[in-house]
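Structure data (mmCIF, C-alpha atoms and all ligand atoms) from structure-v3.cif:
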data_upload
loop_
_atom_site.group_PDB
_atom_site.id
_atom_site.type_symbol
_atom_site.label_atom_id
_atom_site.label_comp_id
_atom_site.auth_asym_id
_atom_site.auth_seq_id
_atom_site.Cartn_x
_atom_site.Cartn_y
_atom_site.Cartn_z
ATOM 1 C CA MET A 12 -17.272 14.790 -17.711
ATOM 2 C CA PRO A 13 -14.255 14.123 -20.011
ATOM 3 C CA ASN A 14 -15.282 12.899 -23.460
ATOM 4 C CA ILE A 15 -13.344 9.777 -24.501
ATOM 5 C CA LYS A 16 -12.928 9.403 -28.271
ATOM 6 C CA THR A 17 -9.351 8.200 -28.739
ATOM 7 C CA LEU A 18 -7.882 5.173 -26.990
ATOM 8 C CA THR A 19 -4.316 3.922 -26.704
ATOM 9 C CA VAL A 20 -3.679 0.396 -25.442
ATOM 10 C CA LEU A 21 -0.239 -0.479 -24.050
ATOM 11 C CA GLY A 22 0.621 -4.136 -24.612
ATOM 12 C CA THR A 23 -0.864 -6.215 -27.445
ATOM 13 C CA GLY A 24 -0.821 -9.615 -25.735
ATOM 14 C CA VAL A 25 -3.818 -11.771 -24.832
ATOM 15 C CA LEU A 26 -5.883 -9.024 -23.216
ATOM 16 C CA GLY A 27 -4.407 -5.880 -24.779
ATOM 17 C CA SER A 28 -5.206 -7.102 -28.298
ATOM 18 C CA GLN A 29 -8.795 -7.881 -27.279
ATOM 19 C CA ILE A 30 -9.272 -4.496 -25.556
ATOM 20 C CA ALA A 31 -7.935 -2.645 -28.601
ATOM 21 C CA TYR A 32 -9.978 -4.639 -31.129
ATOM 22 C CA GLN A 33 -13.216 -4.398 -29.113
ATOM 23 C CA ALA A 34 -12.970 -0.589 -28.909
ATOM 24 C CA ALA A 35 -12.059 -0.331 -32.618
ATOM 25 C CA PHE A 36 -15.046 -2.555 -33.442
ATOM 26 C CA HIS A 37 -17.254 -0.020 -31.654
ATOM 27 C CA GLY A 38 -15.839 2.878 -33.650
ATOM 28 C CA PHE A 39 -13.113 4.289 -31.410
ATOM 29 C CA ALA A 40 -9.848 5.440 -32.968
ATOM 30 C CA VAL A 41 -7.389 3.056 -31.330
ATOM 31 C CA THR A 42 -3.608 3.064 -31.165
ATOM 32 C CA ALA A 43 -1.965 -0.154 -30.022
ATOM 33 C CA TYR A 44 1.543 0.137 -28.607
ATOM 34 C CA ASP A 45 4.047 -2.644 -27.961
ATOM 35 C CA ILE A 46 7.775 -2.756 -27.374
ATOM 36 C CA HIS A 47 9.100 -3.683 -30.807
ATOM 37 C CA ASP A 48 8.316 -4.505 -34.395
ATOM 38 C CA GLN A 49 8.243 -8.281 -34.117
ATOM 39 C CA VAL A 50 5.624 -8.122 -31.362
ATOM 40 C CA LEU A 51 3.577 -5.739 -33.499
ATOM 41 C CA GLU A 52 3.644 -8.277 -36.326
ATOM 42 C CA LYS A 53 2.113 -10.796 -33.922
ATOM 43 C CA ALA A 54 -0.438 -8.166 -32.898
ATOM 44 C CA ARG A 55 -1.504 -7.743 -36.537
ATOM 45 C CA ALA A 56 -2.138 -11.484 -36.695
ATOM 46 C CA ARG A 57 -4.063 -11.353 -33.396
ATOM 47 C CA PHE A 58 -6.313 -8.565 -34.719
ATOM 48 C CA ALA A 59 -7.015 -10.475 -37.946
ATOM 49 C CA ARG A 60 -7.846 -13.562 -35.876
ATOM 50 C CA LEU A 61 -10.218 -11.530 -33.700
ATOM 51 C CA ALA A 62 -12.002 -10.212 -36.817
ATOM 52 C CA GLY A 63 -12.600 -13.854 -37.783
ATOM 53 C CA ILE A 64 -13.824 -14.770 -34.294
ATOM 54 C CA TYR A 65 -16.289 -11.848 -34.176
ATOM 55 C CA GLN A 66 -17.708 -13.020 -37.507
ATOM 56 C CA ALA A 67 -17.782 -16.715 -36.577
ATOM 57 C CA GLU A 68 -19.432 -15.995 -33.234
ATOM 58 C CA LYS A 69 -21.878 -13.575 -34.844
ATOM 59 C CA VAL A 70 -21.100 -10.588 -32.641
ATOM 60 C CA ALA A 71 -23.791 -8.012 -33.564
ATOM 61 C CA GLY A 72 -22.713 -6.080 -36.667
ATOM 62 C CA ALA A 73 -19.680 -8.288 -37.410
ATOM 63 C CA SER A 74 -21.078 -9.735 -40.618
ATOM 64 C CA GLU A 75 -22.153 -6.295 -41.924
ATOM 65 C CA GLY A 76 -18.557 -5.171 -42.313
ATOM 66 C CA LYS A 77 -17.847 -3.959 -38.775
ATOM 67 C CA ALA A 78 -15.300 -6.715 -38.130
ATOM 68 C CA GLU A 79 -13.232 -5.540 -41.116
ATOM 69 C CA THR A 80 -13.777 -1.805 -40.500
ATOM 70 C CA ALA A 81 -12.427 -2.317 -36.985
ATOM 71 C CA LEU A 82 -9.049 -3.198 -38.498
ATOM 72 C CA ASP A 83 -9.011 0.240 -40.211
ATOM 73 C CA ASN A 84 -9.628 1.919 -36.844
ATOM 74 C CA LEU A 85 -6.461 0.337 -35.398
ATOM 75 C CA ARG A 86 -3.020 1.900 -35.653
ATOM 76 C CA LEU A 87 0.072 0.064 -34.375
ATOM 77 C CA THR A 88 3.294 1.650 -33.159
ATOM 78 C CA ASP A 89 6.400 0.930 -31.096
ATOM 79 C CA ASP A 90 6.961 4.631 -30.334
ATOM 80 C CA LEU A 91 5.455 5.418 -26.926
ATOM 81 C CA ALA A 92 5.494 9.213 -27.328
ATOM 82 C CA ASP A 93 3.700 8.946 -30.660
ATOM 83 C CA ALA A 94 1.275 6.356 -29.241
ATOM 84 C CA VAL A 95 -0.038 8.587 -26.471
ATOM 85 C CA ALA A 96 0.264 12.051 -28.067
ATOM 86 C CA ASP A 97 -3.476 12.304 -28.801
ATOM 87 C CA ALA A 98 -4.963 9.807 -26.323
ATOM 88 C CA ASP A 99 -8.056 10.650 -24.282
ATOM 89 C CA LEU A 100 -7.650 7.318 -22.492
ATOM 90 C CA VAL A 101 -4.654 4.982 -22.124
ATOM 91 C CA ILE A 102 -5.403 1.422 -21.011
ATOM 92 C CA GLU A 103 -2.330 -0.417 -19.763
ATOM 93 C CA ALA A 104 -2.247 -4.196 -20.353
ATOM 94 C CA VAL A 105 1.470 -4.951 -19.890
ATOM 95 C CA PRO A 106 2.704 -8.039 -17.961
ATOM 96 C CA GLU A 107 1.612 -8.433 -14.349
ATOM 97 C CA LEU A 108 4.902 -7.263 -12.814
ATOM 98 C CA LEU A 109 4.752 -4.398 -10.312
ATOM 99 C CA GLU A 110 8.092 -2.787 -11.169
ATOM 100 C CA LEU A 111 7.498 -3.051 -14.918
ATOM 101 C CA LYS A 112 4.112 -1.381 -14.583
ATOM 102 C CA ARG A 113 5.501 1.381 -12.335
ATOM 103 C CA ASP A 114 8.196 2.066 -14.881
ATOM 104 C CA VAL A 115 5.604 2.300 -17.678
ATOM 105 C CA TYR A 116 3.593 4.867 -15.655
ATOM 106 C CA ARG A 117 6.711 6.919 -14.904
ATOM 107 C CA LYS A 118 7.338 7.235 -18.651
ATOM 108 C CA LEU A 119 3.688 7.862 -19.451
ATOM 109 C CA ALA A 120 3.436 10.623 -16.850
ATOM 110 C CA ASP A 121 5.970 12.653 -18.847
ATOM 111 C CA LEU A 122 4.786 11.788 -22.353
ATOM 112 C CA ALA A 123 0.975 11.951 -22.248
ATOM 113 C CA PRO A 124 -1.012 15.206 -22.439
ATOM 114 C CA ALA A 125 -2.371 16.480 -19.099
ATOM 115 C CA ARG A 126 -5.952 15.611 -20.124
ATOM 116 C CA THR A 127 -5.199 11.900 -20.724
ATOM 117 C CA ILE A 128 -6.827 9.409 -18.347
ATOM 118 C CA PHE A 129 -4.772 6.304 -17.436
ATOM 119 C CA ALA A 130 -6.363 2.943 -16.579
ATOM 120 C CA THR A 131 -4.787 -0.356 -15.612
ATOM 121 C CA ASN A 132 -6.186 -3.751 -16.560
ATOM 122 C CA SER A 133 -4.194 -5.466 -13.795
ATOM 123 C CA SER A 134 -5.868 -8.576 -12.368
ATOM 124 C CA THR A 135 -4.024 -8.800 -9.054
ATOM 125 C CA LEU A 136 -2.585 -5.338 -8.286
ATOM 126 C CA LEU A 137 -4.653 -2.533 -6.802
ATOM 127 C CA PRO A 138 -4.674 0.835 -8.569
ATOM 128 C CA SER A 139 -3.288 2.243 -5.286
ATOM 129 C CA ASP A 140 -0.099 0.235 -5.935
ATOM 130 C CA LEU A 141 0.452 2.320 -9.080
ATOM 131 C CA LYS A 142 -1.248 5.705 -8.600
ATOM 132 C CA ASP A 143 1.786 7.541 -7.213
ATOM 133 C CA PHE A 144 3.745 6.791 -10.407
ATOM 134 C CA THR A 145 1.160 8.245 -12.787
ATOM 135 C CA GLY A 146 1.715 11.943 -12.050
ATOM 136 C CA ARG A 147 -2.092 12.293 -12.083
ATOM 137 C CA PRO A 148 -3.738 10.149 -9.387
ATOM 138 C CA ASP A 149 -7.052 11.991 -9.918
ATOM 139 C CA ARG A 150 -7.105 10.757 -13.537
ATOM 140 C CA PHE A 151 -6.135 7.146 -12.802
ATOM 141 C CA LEU A 152 -8.180 4.015 -12.054
ATOM 142 C CA ALA A 153 -8.572 0.339 -13.005
ATOM 143 C CA ILE A 154 -10.701 -1.102 -15.813
ATOM 144 C CA HIS A 155 -10.596 -4.878 -15.655
ATOM 145 C CA TYR A 156 -11.796 -7.028 -18.527
ATOM 146 C CA ALA A 157 -12.473 -10.761 -18.671
ATOM 147 C CA ASN A 158 -10.732 -12.933 -21.261
ATOM 148 C CA ASN A 159 -12.816 -13.453 -24.447
ATOM 149 C CA ILE A 160 -14.092 -9.912 -24.081
ATOM 150 C CA TRP A 161 -16.590 -10.145 -26.983
ATOM 151 C CA ALA A 162 -18.558 -12.855 -25.132
ATOM 152 C CA GLN A 163 -17.669 -12.412 -21.437
ATOM 153 C CA ASN A 164 -18.263 -8.699 -21.860
ATOM 154 C CA ILE A 165 -17.915 -7.134 -18.442
ATOM 155 C CA ALA A 166 -15.621 -4.251 -17.532
ATOM 156 C CA GLU A 167 -15.041 -3.830 -13.810
ATOM 157 C CA VAL A 168 -14.307 -0.159 -13.092
ATOM 158 C CA MET A 169 -12.510 0.552 -9.810
ATOM 159 C CA GLY A 170 -10.939 3.822 -8.699
ATOM 160 C CA THR A 171 -8.835 4.824 -5.706
ATOM 161 C CA THR A 172 -9.935 7.389 -3.115
ATOM 162 C CA GLU A 173 -8.149 9.974 -5.289
ATOM 163 C CA THR A 174 -9.872 9.214 -8.605
ATOM 164 C CA ALA A 175 -12.028 12.184 -9.652
ATOM 165 C CA PRO A 176 -15.727 11.180 -9.869
ATOM 166 C CA ALA A 177 -16.045 12.733 -13.361
ATOM 167 C CA VAL A 178 -13.106 10.614 -14.568
ATOM 168 C CA TYR A 179 -14.681 7.478 -13.092
ATOM 169 C CA ASP A 180 -17.993 8.287 -14.826
ATOM 170 C CA ALA A 181 -16.232 8.926 -18.142
ATOM 171 C CA VAL A 182 -14.569 5.500 -18.033
ATOM 172 C CA VAL A 183 -17.883 3.813 -17.143
ATOM 173 C CA GLU A 184 -19.411 5.583 -20.172
ATOM 174 C CA PHE A 185 -16.471 4.510 -22.366
ATOM 175 C CA ALA A 186 -16.985 0.879 -21.261
ATOM 176 C CA ARG A 187 -20.665 1.059 -22.189
ATOM 177 C CA ASN A 188 -19.909 2.722 -25.552
ATOM 178 C CA SER A 189 -17.420 -0.022 -26.383
ATOM 179 C CA GLY A 190 -20.003 -2.777 -25.986
ATOM 180 C CA LEU A 191 -19.297 -3.802 -22.405
ATOM 181 C CA GLU A 192 -21.420 -4.041 -19.300
ATOM 182 C CA PRO A 193 -19.723 -1.721 -16.786
ATOM 183 C CA ILE A 194 -19.463 -3.160 -13.276
ATOM 184 C CA GLU A 195 -19.170 -0.205 -10.910
ATOM 185 C CA ILE A 196 -17.014 -1.036 -7.887
ATOM 186 C CA LYS A 197 -17.330 1.460 -5.054
ATOM 187 C CA LYS A 198 -14.157 0.638 -3.084
ATOM 188 C CA GLU A 199 -10.804 -0.911 -3.902
ATOM 189 C CA LYS A 200 -10.883 -4.674 -3.537
ATOM 190 C CA ALA A 201 -8.259 -7.207 -4.595
ATOM 191 C CA GLY A 202 -9.932 -9.543 -7.094
ATOM 192 C CA TYR A 203 -12.636 -6.987 -7.952
ATOM 193 C CA VAL A 204 -16.160 -8.527 -7.817
ATOM 194 C CA LEU A 205 -15.683 -11.387 -10.269
ATOM 195 C CA ASN A 206 -12.589 -13.022 -8.795
ATOM 196 C CA SER A 207 -13.812 -12.357 -5.239
ATOM 197 C CA LEU A 208 -16.685 -14.686 -6.102
ATOM 198 C CA LEU A 209 -14.932 -17.094 -8.437
ATOM 199 C CA VAL A 210 -11.707 -17.857 -6.556
ATOM 200 C CA PRO A 211 -13.425 -19.175 -3.369
ATOM 201 C CA LEU A 212 -15.648 -21.409 -5.536
ATOM 202 C CA LEU A 213 -12.651 -22.843 -7.389
ATOM 203 C CA ASN A 214 -10.711 -23.333 -4.132
ATOM 204 C CA ALA A 215 -13.657 -25.113 -2.513
ATOM 205 C CA ALA A 216 -13.975 -27.427 -5.520
ATOM 206 C CA ALA A 217 -10.257 -28.271 -5.327
ATOM 207 C CA GLY A 218 -10.659 -29.063 -1.612
ATOM 208 C CA LEU A 219 -13.592 -31.412 -2.250
ATOM 209 C CA LEU A 220 -11.551 -33.251 -4.883
ATOM 210 C CA LEU A 221 -8.357 -33.560 -2.810
ATOM 211 C CA GLN A 222 -10.249 -34.718 0.288
ATOM 212 C CA GLY A 223 -11.817 -37.492 -1.804
ATOM 213 C CA ILE A 224 -15.360 -36.194 -1.229
ATOM 214 C CA ALA A 225 -16.418 -36.310 -4.895
ATOM 215 C CA ASP A 226 -14.910 -36.438 -8.386
ATOM 216 C CA PRO A 227 -14.784 -33.406 -10.746
ATOM 217 C CA GLN A 228 -17.740 -34.563 -12.853
ATOM 218 C CA THR A 229 -19.945 -34.961 -9.771
ATOM 219 C CA ILE A 230 -18.882 -31.607 -8.317
ATOM 220 C CA ASP A 231 -19.552 -29.853 -11.639
ATOM 221 C CA LYS A 232 -22.912 -31.607 -12.093
ATOM 222 C CA THR A 233 -24.005 -30.530 -8.613
ATOM 223 C CA TRP A 234 -23.147 -26.900 -9.332
ATOM 224 C CA ARG A 235 -24.784 -26.880 -12.767
ATOM 225 C CA ILE A 236 -28.049 -28.534 -11.812
ATOM 226 C CA ALA A 237 -28.535 -26.824 -8.464
ATOM 227 C CA THR A 238 -27.677 -23.277 -9.542
ATOM 228 C CA GLY A 239 -28.512 -23.326 -13.261
ATOM 229 C CA ALA A 240 -24.962 -22.203 -14.078
ATOM 230 C CA PRO A 241 -23.739 -23.422 -17.501
ATOM 231 C CA SER A 242 -20.365 -24.674 -16.176
ATOM 232 C CA GLY A 243 -19.034 -26.235 -13.014
ATOM 233 C CA PRO A 244 -15.740 -25.270 -11.328
ATOM 234 C CA PHE A 245 -13.599 -27.908 -13.064
ATOM 235 C CA GLN A 246 -14.957 -26.870 -16.457
ATOM 236 C CA ILE A 247 -13.933 -23.328 -15.502
ATOM 237 C CA TYR A 248 -10.443 -24.560 -14.502
ATOM 238 C CA ASP A 249 -10.076 -26.071 -17.984
ATOM 239 C CA VAL A 250 -11.039 -22.763 -19.636
ATOM 240 C CA VAL A 251 -8.757 -20.639 -17.419
ATOM 241 C CA GLY A 252 -5.941 -23.105 -18.109
ATOM 242 C CA LEU A 253 -4.307 -25.505 -15.661
ATOM 243 C CA ALA A 254 -0.907 -23.797 -15.984
ATOM 244 C CA THR A 255 -2.448 -20.572 -14.654
ATOM 245 C CA ALA A 256 -4.253 -22.520 -11.902
ATOM 246 C CA TYR A 257 -0.953 -24.198 -11.012
ATOM 247 C CA ASN A 258 0.950 -20.870 -10.913
ATOM 248 C CA ILE A 259 -1.625 -19.320 -8.596
ATOM 249 C CA ALA A 260 -1.865 -22.379 -6.295
ATOM 250 C CA SER A 261 1.905 -22.876 -6.042
ATOM 251 C CA SER A 262 2.521 -19.214 -5.169
ATOM 252 C CA SER A 263 0.166 -19.423 -2.159
ATOM 253 C CA SER A 264 1.548 -20.371 1.264
ATOM 254 C CA ASP A 265 -1.720 -22.124 2.167
ATOM 255 C CA ALA A 266 -1.270 -25.919 2.646
ATOM 256 C CA GLY A 267 -4.423 -26.778 0.667
ATOM 257 C CA SER A 268 -3.271 -24.667 -2.291
ATOM 258 C CA GLN A 269 0.174 -26.295 -2.184
ATOM 259 C CA ALA A 270 -1.416 -29.765 -2.210
ATOM 260 C CA PHE A 271 -3.574 -28.777 -5.194
ATOM 261 C CA ALA A 272 -0.492 -27.416 -7.009
ATOM 262 C CA HIS A 273 1.251 -30.799 -6.584
ATOM 263 C CA TYR A 274 -1.860 -32.634 -7.718
ATOM 264 C CA LEU A 275 -2.103 -30.492 -10.864
ATOM 265 C CA LYS A 276 1.585 -30.895 -11.636
ATOM 266 C CA ASP A 277 1.668 -34.688 -11.273
ATOM 267 C CA ASN A 278 -1.621 -35.443 -13.008
ATOM 268 C CA TYR A 279 -1.921 -32.731 -15.652
ATOM 269 C CA ILE A 280 0.936 -30.244 -16.174
ATOM 270 C CA ASP A 281 3.709 -32.853 -16.511
ATOM 271 C CA LYS A 282 1.527 -34.764 -18.987
ATOM 272 C CA GLY A 283 0.926 -31.686 -21.158
ATOM 273 C CA LYS A 284 -2.752 -31.572 -20.222
ATOM 274 C CA LEU A 285 -3.385 -27.862 -19.740
ATOM 275 C CA GLY A 286 -7.133 -27.679 -20.301
ATOM 276 C CA VAL A 287 -9.156 -26.546 -23.323
ATOM 277 C CA SER A 288 -6.091 -25.026 -25.022
ATOM 278 C CA THR A 289 -4.376 -28.450 -25.335
ATOM 279 C CA GLY A 290 -7.541 -30.492 -25.874
ATOM 280 C CA GLU A 291 -7.387 -32.171 -22.464
ATOM 281 C CA GLY A 292 -7.581 -31.187 -18.813
ATOM 282 C CA PHE A 293 -10.181 -32.404 -16.332
ATOM 283 C CA TYR A 294 -12.223 -33.121 -19.491
ATOM 284 C CA THR A 295 -11.322 -34.085 -23.069
ATOM 285 C CA TYR A 296 -12.209 -31.628 -25.874
HETATM 286 P P1 LIG B 301 0.547 -10.986 -22.195
HETATM 287 O O1 LIG B 301 1.823 -11.487 -21.661
HETATM 288 O O2 LIG B 301 -0.262 -11.816 -23.114
HETATM 289 O O3 LIG B 301 0.806 -9.580 -22.954
HETATM 290 C C1 LIG B 301 1.608 -8.546 -22.436
HETATM 291 C C2 LIG B 301 2.087 -7.666 -23.579
HETATM 292 O O4 LIG B 301 2.754 -6.535 -23.024
HETATM 293 C C3 LIG B 301 3.070 -8.347 -24.525
HETATM 294 O O5 LIG B 301 2.644 -8.148 -25.863
HETATM 295 C C4 LIG B 301 4.392 -7.641 -24.242
HETATM 296 O O6 LIG B 301 5.235 -7.547 -25.392
HETATM 297 C C5 LIG B 301 3.903 -6.272 -23.816
HETATM 298 N N1 LIG B 301 4.872 -5.511 -23.027
HETATM 299 C C6 LIG B 301 5.907 -5.933 -22.272
HETATM 300 N N2 LIG B 301 6.549 -4.887 -21.721
HETATM 301 C C7 LIG B 301 5.906 -3.779 -22.146
HETATM 302 C C8 LIG B 301 6.098 -2.395 -21.937
HETATM 303 N N3 LIG B 301 7.078 -1.920 -21.178
HETATM 304 N N4 LIG B 301 5.242 -1.520 -22.556
HETATM 305 C C9 LIG B 301 4.239 -1.981 -23.332
HETATM 306 N N5 LIG B 301 4.016 -3.295 -23.569
HETATM 307 C C10 LIG B 301 4.843 -4.170 -22.976
HETATM 308 O O7 LIG B 301 -0.316 -10.554 -20.909
HETATM 309 P P2 LIG B 301 -1.909 -10.498 -20.736
HETATM 310 O O8 LIG B 301 -2.425 -11.834 -20.355
HETATM 311 O O9 LIG B 301 -2.499 -9.768 -21.896
HETATM 312 O O10 LIG B 301 -2.002 -9.593 -19.409
HETATM 313 C C11 LIG B 301 -1.768 -8.209 -19.462
HETATM 314 C C12 LIG B 301 -2.474 -7.557 -18.282
HETATM 315 O O11 LIG B 301 -3.855 -7.868 -18.344
HETATM 316 C C13 LIG B 301 -1.976 -8.058 -16.906
HETATM 317 O O12 LIG B 301 -1.972 -6.984 -16.012
HETATM 318 C C14 LIG B 301 -3.042 -9.082 -16.512
HETATM 319 O O13 LIG B 301 -3.200 -9.172 -15.103
HETATM 320 C C15 LIG B 301 -4.287 -8.466 -17.123
HETATM 321 N N6 LIG B 301 -5.386 -9.401 -17.400
HETATM 322 C C16 LIG B 301 -5.149 -10.595 -18.041
HETATM 323 C C17 LIG B 301 -6.219 -11.472 -18.266
HETATM 324 C C18 LIG B 301 -6.017 -12.785 -18.992
HETATM 325 O O14 LIG B 301 -6.954 -13.611 -18.976
HETATM 326 N N7 LIG B 301 -4.892 -13.021 -19.663
HETATM 327 C C19 LIG B 301 -7.525 -11.104 -17.851
HETATM 328 C C20 LIG B 301 -7.725 -9.875 -17.229
HETATM 329 C C21 LIG B 301 -6.639 -9.037 -17.010
#
Could you express the structure from this file as structure tokens?
Ligand code: NAD
Amino acid sequence: MPNIKTLTVLGTGVLGSQIAYQAAFHGFAVTAYDIHDQVLEKARARFARLAGIYQAEKVAGASEGKAETALDNLRLTDDLADAVADADLVIEAVPELLELKRDVYRKLADLAPARTIFATNSSTLLPSDLKDFTGRPDRFLAIHYANNIWAQNIAEVMGTTETAPAVYDAVVEFARNSGLEPIEIKKEKAGYVLNSLLVPLLNAAAGLLLQGIADPQTIDKTWRIATGAPSGPFQIYDVVGLATAYNIASSSSDAGSQAFAHYLKDNYIDKGKLGVSTGEGFYTY
């Protein structure tokens, strides 16, 4: 089984910065790559902010210096060849655009050593959509993280039919060694396990609201009390962000989703109420 010691993360946005910091926190030598200097400056600020969050939220070891040491394990660069020259694993967290991602893999295929494993963090694309651009389909798969990785610490690992079993096992082991609970997915599935469960729940909640069956508070209360879950679907909408919910609903051809998109736009988006991030959504924070 390949031994993963060095990680390169492509993209230092919302998820890429969290993936890089989490691995650095657990002692991996991490290189974070982004397209130019100004973005890397923002990445530095993101990493410093994450160090503060790990301490404030008392992630195990954070107060004993690990949160600060993690920053020393992180190297930033805007030179792709340099970024991947010594990578055992490259995790790609660039924007969710098929052609952009394919282009990144075309470049990577030429620049990375033959031993390097590539993994995509894509939420909506299947690894099969990308594998033919990697130059190494046997060393390519998906590792999908949830936002707020230090708390919602799952890593869904999903290969294609061409992913070598030893490569799959190595990435599962890497996930475990970087403080995550690996979720082993046996076959390709859009939405992985988490979103295959979550999206139908959120859609059903939207339907109950739009049909006038019950209000968000009642729907959430029902779910919390009857299942023991800490949050109901509208609380989850507020955390995900109503702009994201709107983008997903409006891009669906389904009539119910379109109606929900209009509802969100008129009642929330146009009023600047985007959920927890703006202090107000279905609830006030
Ligand atoms: P983001 O927009 O916050 O960050 C993307 C980063 O990629 C930016 O820093 C951008 O400068 C950089 N970038 C752009 N072009 C690049 C290139 N050619 N090479 C390298 N970097 C490039 O996006 P995000 O929310 O972090 O999402 C990134 C990936 O993670 C997507 O595939 C998304 O589906 C997935 N994801 C996101 C979430 C989430 O909650 N945001 C959760 C799970 C998975």
Closest of A:Thr233, A:Asn84, A:Asn164, A:Gln246 to ligand LIG 301 (chain B) - atom-to-atom distances counting only C-alpha atoms and all ligand atoms
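Using only C-alpha atoms and all ligand atoms, ligand LIG 301 (chain B) sits closest to A:Asn164.
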Please, which residues have at least one atom within 7 Å of an atom of ligand LIG 301 (chain B), using only C-alpha atoms and all ligand atoms, listed as a list in words?
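Selection of residues at most 7 Å from ligand LIG 301 (chain B): Leu21, Gly22, Thr23, Gly24, Val25, Leu26, Gly27, Tyr44, Asp45, Ile46, Val50, Ala104, Val105, Pro106, Glu107, Leu111, Val115, Asn132, Ser133, Ser134, Thr135, His155, Tyr156, Ala157 and Asn158 of chain A.
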What would the list of residues within 9 Å of (-3.0, 0.4, -9.0) (file frame) look like as a ChimeraX atom specification, if only C-alpha atoms are what count?
/A:130-131,133,136-143,151-153,170-171
So which one's closest to A:Gly286, A:Ser263, A:Tyr257, A:Gln163, A:Val250? Using all atoms listed in the file, please.
A:Val250
Between A:Leu18, A:Ser207, A:Val101, A:Pro227, which residue has the minimum interatomic distance to A:Ser242, considering all atoms listed in the file?
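Residue with the minimum atom-to-atom distance to A:Ser242: A:Pro227.
Pairwise distance (atom CA of A:Ala78, atom CA of A:Trp161) equals 11.7 Å.
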Pick from A:Thr19, A:Arg187, A:Leu119, A:Leu212, whichever lies nearest to A:Ile230 using all atoms listed in the file
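Between A:Thr19, A:Arg187, A:Leu119, A:Leu212, the residue approaching A:Ile230 most closely is A:Leu212.
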Quick one: everything within 7 Å of A:Ala260, counting only C-alpha atoms, minus sequence neighbours fewer than 4 positions away in the same chain. Send it as a list in words.
Ala256, Ser268, Gln269, Phe271 and Ala272 of chain A
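Distance check against A:His47 using only C-alpha atoms: of A:Glu75, A:Glu68, A:Glu192, A:Asp90, the minimum falls on A:Asp90.
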Which of these, A:Ala35, A:Val41, A:Ala240, A:Val183, has the shortest distance to A:Leu61 once you count all atoms listed in the file?
A:Ala35
To one decimal place in Å, what is the distance between atom CA of A:Glu167 and atom CA of A:Pro193?
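That distance, rounded to one decimal, is 5.9 Å.
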Counting only C-alpha atoms, what is within 9 Å of stretch 172-180 of chain A, bar same-chain residues fewer than 4 positions away, as number ranges by chain?
A: 12-13, 128, 139, 142, 148-152, 168, 184-185, 198-199
Would you work out the distance separating atom CA of A:Thr127 from atom CA of A:Glu79, expressed in Å to one decimal?
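Result for atom CA of A:Thr127 versus atom CA of A:Glu79: 28.0 Å, one decimal.
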